[in-house]
Amino acid sequence: MGKMRRFREDITLFLFGGALYSLIEICFRGFTHWSMTITGGLCFLIMYRHYSANPEESMLAKCLYGTAVITAFEFAVGCMVNLLLNWDVWDYSAQPFNLFGQICLMFSALWFLLSIPAAWLCEAFRRRLDGETREIYGNGT
């Protein structure tokens, strides 16, 4: 795959993931923050690349991977935007089993469940993008 094609694919996946995460957050909380759009886009892109490289992985493994990616990004972004910059984008400190109010067990469990449709969407993108590659380069690629 050419570098420009890979770049366009990455941008498409990033924008889709960011928009989807923002929509989920708006439905759940009634609002979102631009930092969450970026975080959602990066998480979806990373998950897509991993799932595409490992299509034989079980759904359980995909969900565990997705949970780890999203929770790690949520923690890192939360430490930056909430603790360092004091933007107060979210605060889980009232939730049980939280870490510095940035991540908590309940939301990690939610990320596990949301990783199921995310894995399906990644597979749909992979099939679509693989089909486009075959159309452009022929069946041998």
# chains A, B, ... in the order shown; residues from 1 in each chain; ligands from 1
>>> residues_around(residues="Cys104 of chain A", least_positions_apart="4", cutoff="9 Å", atoms="only C-alpha atoms", output="tab-separated table (two decimals) with N, CA and C atoms, in the first residue's frame")
chain	number	residue	atom	x	y	z
A	71	THR	N	-8.60	2.54	27.93
A	71	THR	CA	-8.34	2.91	29.32
A	71	THR	C	-6.99	3.62	29.45
A	92	TYR	N	-13.95	11.05	37.62
A	92	TYR	CA	-14.49	9.79	38.10
A	92	TYR	C	-14.20	9.58	39.58
A	93	SER	N	-13.77	10.60	40.30
A	93	SER	CA	-13.37	10.40	41.69
A	93	SER	C	-14.51	9.93	42.59
A	95	GLN	N	-16.58	7.64	41.62
A	95	GLN	CA	-16.81	6.25	41.23
A	95	GLN	C	-15.90	5.32	42.04
A	96	PRO	N	-16.40	4.14	42.39
A	96	PRO	CA	-15.52	3.18	43.09
A	96	PRO	C	-14.42	2.69	42.15
A	97	PHE	N	-13.32	2.31	42.76
A	97	PHE	CA	-12.17	1.76	42.03
A	97	PHE	C	-11.67	2.71	40.94
A	98	ASN	N	-11.50	3.99	41.30
A	98	ASN	CA	-10.96	4.96	40.34
A	98	ASN	C	-9.49	5.19	40.63
A	99	LEU	N	-8.79	5.68	39.63
A	99	LEU	CA	-7.38	6.03	39.76
A	99	LEU	C	-7.24	7.51	39.47
A	100	PHE	N	-6.99	8.29	40.51
A	100	PHE	CA	-6.86	9.75	40.41
A	100	PHE	C	-8.07	10.43	39.79
A	108	SER	N	-14.05	1.13	32.42
A	108	SER	CA	-13.25	0.12	31.73
A	108	SER	C	-14.14	-1.04	31.30
A	109	ALA	N	-15.11	-1.41	32.14
A	109	ALA	CA	-16.06	-2.46	31.77
A	109	ALA	C	-16.91	-2.00	30.58
>>> select_by_dssp(residues="chain A", states="helix (DSSP H, G or I)", output="PyMOL selection string")
chain A and resi 3-29+34-53+59-84+105-137
>>> residues_around(residues="Thr67 of chain A", least_positions_apart="5", cutoff="9 Å", atoms="only C-alpha atoms", output="ChimeraX atom specification")
/A:62,72,108-115
>>> write_last_selection(atoms="C-alpha atoms", output="PDB file, in the first residue's frame")
ATOM      1  CA  LYS A  62     -10.080  -8.032  20.863  1.00  0.00           C
ATOM      2  CA  ALA A  72      -4.646   3.761  28.798  1.00  0.00           C
ATOM      3  CA  SER A 108     -13.253   0.117  31.734  1.00  0.00           C
ATOM      4  CA  ALA A 109     -16.064  -2.462  31.769  1.00  0.00           C
ATOM      5  CA  LEU A 110     -18.027  -0.191  29.435  1.00  0.00           C
ATOM      6  CA  TRP A 111     -15.011   0.067  27.089  1.00  0.00           C
ATOM      7  CA  PHE A 112     -14.899  -3.746  27.090  1.00  0.00           C
ATOM      8  CA  LEU A 113     -18.518  -3.870  25.903  1.00  0.00           C
ATOM      9  CA  LEU A 114     -18.032  -1.070  23.366  1.00  0.00           C
ATOM     10  CA  SER A 115     -15.052  -2.953  21.962  1.00  0.00           C
TER      11      SER A 115
END
>>> closest_atom_pairs(of="segment 34-104 of chain A", to="segment 1-16 of chain A", cutoff="9 Å", atoms="only C-alpha atoms", output="JSON lines")
{"residue": "A:Thr37", "atom": "CA", "partner": "A:Leu15", "partner_atom": "CA", "distance": 8.4}
{"residue": "A:Ile38", "atom": "CA", "partner": "A:Phe14", "partner_atom": "CA", "distance": 7.9}
{"residue": "A:Gly40", "atom": "CA", "partner": "A:Phe14", "partner_atom": "CA", "distance": 7.8}
{"residue": "A:Gly41", "atom": "CA", "partner": "A:Phe14", "partner_atom": "CA", "distance": 4.1}
{"residue": "A:Leu42", "atom": "CA", "partner": "A:Phe14", "partner_atom": "CA", "distance": 5.9}
{"residue": "A:Cys43", "atom": "CA", "partner": "A:Phe14", "partner_atom": "CA", "distance": 8.2}
{"residue": "A:Phe44", "atom": "CA", "partner": "A:Phe14", "partner_atom": "CA", "distance": 6.6}
{"residue": "A:Leu45", "atom": "CA", "partner": "A:Phe14", "partner_atom": "CA", "distance": 5.5}
{"residue": "A:Tyr48", "atom": "CA", "partner": "A:Leu13", "partner_atom": "CA", "distance": 8.0}
>>> write_last_selection(atoms="C-alpha atoms", output="PDB file, in the first residue's frame")
ATOM      1  CA  THR A  37     -12.756  13.501  19.766  1.00  0.00           C
ATOM      2  CA  ILE A  38      -9.003  13.239  19.263  1.00  0.00           C
ATOM      3  CA  GLY A  40     -11.548   8.482  20.262  1.00  0.00           C
ATOM      4  CA  GLY A  41      -9.991   8.858  16.821  1.00  0.00           C
ATOM      5  CA  LEU A  42      -6.592   7.655  17.989  1.00  0.00           C
ATOM      6  CA  CYS A  43      -8.065   4.717  19.886  1.00  0.00           C
ATOM      7  CA  PHE A  44     -10.154   3.588  16.902  1.00  0.00           C
ATOM      8  CA  LEU A  45      -7.163   3.863  14.549  1.00  0.00           C
ATOM      9  CA  TYR A  48      -8.176  -1.006  13.656  1.00  0.00           C
TER      10      TYR A  48
END
>>> residues_around(residues="Asn82 of chain A", least_positions_apart="5", cutoff="12 Å", atoms="only C-alpha atoms", output="list in words")
His33, Ser35, Met36, Glu74, Phe75, Ala76, Val77, Trp87, Asp88, Val89, Trp90, Asp91, Tyr92, Ser93, Phe100, Gly101, Gln102 and Ile103 of chain A
>>> write_last_selection(atoms="N, CA, C and O atoms", output="PDB file, in the first residue's frame")
ATOM      1  N   HIS A  33     -16.048  16.999  24.532  1.00  0.00           N
ATOM      2  CA  HIS A  33     -14.946  17.960  24.499  1.00  0.00           C
ATOM      3  C   HIS A  33     -14.044  17.557  23.343  1.00  0.00           C
ATOM      4  O   HIS A  33     -13.877  16.365  23.061  1.00  0.00           O
ATOM      5  N   SER A  35     -10.982  17.269  23.053  1.00  0.00           N
ATOM      6  CA  SER A  35      -9.911  16.330  23.405  1.00  0.00           C
ATOM      7  C   SER A  35     -10.393  14.885  23.349  1.00  0.00           C
ATOM      8  O   SER A  35      -9.622  13.968  23.048  1.00  0.00           O
ATOM      9  N   MET A  36     -11.688  14.679  23.591  1.00  0.00           N
ATOM     10  CA  MET A  36     -12.256  13.332  23.522  1.00  0.00           C
ATOM     11  C   MET A  36     -12.432  12.886  22.077  1.00  0.00           C
ATOM     12  O   MET A  36     -12.335  11.703  21.768  1.00  0.00           O
ATOM     13  N   GLU A  74      -7.403   7.064  27.957  1.00  0.00           N
ATOM     14  CA  GLU A  74      -8.235   7.873  28.840  1.00  0.00           C
ATOM     15  C   GLU A  74      -7.430   8.336  30.054  1.00  0.00           C
ATOM     16  O   GLU A  74      -7.541   9.500  30.475  1.00  0.00           O
ATOM     17  N   PHE A  75      -6.605   7.467  30.582  1.00  0.00           N
ATOM     18  CA  PHE A  75      -5.787   7.852  31.730  1.00  0.00           C
ATOM     19  C   PHE A  75      -4.764   8.917  31.343  1.00  0.00           C
ATOM     20  O   PHE A  75      -4.620   9.943  32.025  1.00  0.00           O
ATOM     21  N   ALA A  76      -4.054   8.692  30.240  1.00  0.00           N
ATOM     22  CA  ALA A  76      -3.023   9.644  29.803  1.00  0.00           C
ATOM     23  C   ALA A  76      -3.635  11.006  29.472  1.00  0.00           C
ATOM     24  O   ALA A  76      -3.141  12.048  29.922  1.00  0.00           O
ATOM     25  N   VAL A  77      -4.714  11.005  28.697  1.00  0.00           N
ATOM     26  CA  VAL A  77      -5.372  12.268  28.333  1.00  0.00           C
ATOM     27  C   VAL A  77      -5.966  12.927  29.574  1.00  0.00           C
ATOM     28  O   VAL A  77      -5.857  14.145  29.752  1.00  0.00           O
ATOM     29  N   TRP A  87      -8.775  21.418  33.041  1.00  0.00           N
ATOM     30  CA  TRP A  87      -9.914  21.681  32.157  1.00  0.00           C
ATOM     31  C   TRP A  87     -11.195  21.033  32.667  1.00  0.00           C
ATOM     32  O   TRP A  87     -12.272  21.319  32.163  1.00  0.00           O
ATOM     33  N   ASP A  88     -11.086  20.114  33.584  1.00  0.00           N
ATOM     34  CA  ASP A  88     -12.252  19.436  34.168  1.00  0.00           C
ATOM     35  C   ASP A  88     -13.177  18.831  33.113  1.00  0.00           C
ATOM     36  O   ASP A  88     -14.390  19.047  33.131  1.00  0.00           O
ATOM     37  N   VAL A  89     -12.606  18.086  32.200  1.00  0.00           N
ATOM     38  CA  VAL A  89     -13.394  17.433  31.146  1.00  0.00           C
ATOM     39  C   VAL A  89     -14.235  16.305  31.741  1.00  0.00           C
ATOM     40  O   VAL A  89     -15.376  16.118  31.366  1.00  0.00           O
ATOM     41  N   TRP A  90     -13.687  15.553  32.699  1.00  0.00           N
ATOM     42  CA  TRP A  90     -14.440  14.546  33.441  1.00  0.00           C
ATOM     43  C   TRP A  90     -13.773  14.321  34.786  1.00  0.00           C
ATOM     44  O   TRP A  90     -12.628  14.719  34.995  1.00  0.00           O
ATOM     45  N   ASP A  91     -14.504  13.677  35.661  1.00  0.00           N
ATOM     46  CA  ASP A  91     -13.990  13.379  36.996  1.00  0.00           C
ATOM     47  C   ASP A  91     -14.694  12.124  37.511  1.00  0.00           C
ATOM     48  O   ASP A  91     -15.889  12.132  37.760  1.00  0.00           O
ATOM     49  N   TYR A  92     -13.947  11.049  37.619  1.00  0.00           N
ATOM     50  CA  TYR A  92     -14.494   9.786  38.103  1.00  0.00           C
ATOM     51  C   TYR A  92     -14.205   9.578  39.584  1.00  0.00           C
ATOM     52  O   TYR A  92     -14.374   8.471  40.093  1.00  0.00           O
ATOM     53  N   SER A  93     -13.771  10.604  40.301  1.00  0.00           N
ATOM     54  CA  SER A  93     -13.365  10.404  41.694  1.00  0.00           C
ATOM     55  C   SER A  93     -14.507   9.932  42.588  1.00  0.00           C
ATOM     56  O   SER A  93     -14.262   9.330  43.632  1.00  0.00           O
ATOM     57  N   PHE A 100      -6.994   8.290  40.506  1.00  0.00           N
ATOM     58  CA  PHE A 100      -6.858   9.747  40.413  1.00  0.00           C
ATOM     59  C   PHE A 100      -8.072  10.430  39.788  1.00  0.00           C
ATOM     60  O   PHE A 100      -7.970  11.529  39.260  1.00  0.00           O
ATOM     61  N   GLY A 101      -9.206   9.749  39.769  1.00  0.00           N
ATOM     62  CA  GLY A 101     -10.419  10.309  39.187  1.00  0.00           C
ATOM     63  C   GLY A 101     -10.420  10.315  37.667  1.00  0.00           C
ATOM     64  O   GLY A 101     -11.348  10.838  37.047  1.00  0.00           O
ATOM     65  N   GLN A 102      -9.422   9.669  37.041  1.00  0.00           N
ATOM     66  CA  GLN A 102      -9.285   9.717  35.579  1.00  0.00           C
ATOM     67  C   GLN A 102      -9.801   8.460  34.891  1.00  0.00           C
ATOM     68  O   GLN A 102     -10.283   8.521  33.765  1.00  0.00           O
ATOM     69  N   ILE A 103      -9.677   7.345  35.533  1.00  0.00           N
ATOM     70  CA  ILE A 103     -10.223   6.085  35.020  1.00  0.00           C
ATOM     71  C   ILE A 103     -10.883   5.373  36.190  1.00  0.00           C
ATOM     72  O   ILE A 103     -10.578   5.642  37.347  1.00  0.00           O
TER      73      ILE A 103
END
>>> select_by_dssp(residues="segment 70-130 of chain A", states="strand (DSSP E or B)", output="ChimeraX atom specification")
/A:98-99,103-104
>>> atom_distance(atom1="atom CA of Ala53 of chain A", atom2="atom CA of Ala19 of chain A")
23.6 Å
>>> residues_around(residues="Phe31 of chain A", least_positions_apart="6", cutoff="9 Å", atoms="only C-alpha atoms", output="list in words")
Ser22, Leu23 and Glu25 of chain A
>>> closest_residue(among="A:Cys79, A:Ala61, A:Leu84, A:Ala68", to="Ala119 of chain A", atoms="only C-alpha atoms")
A:Ala61
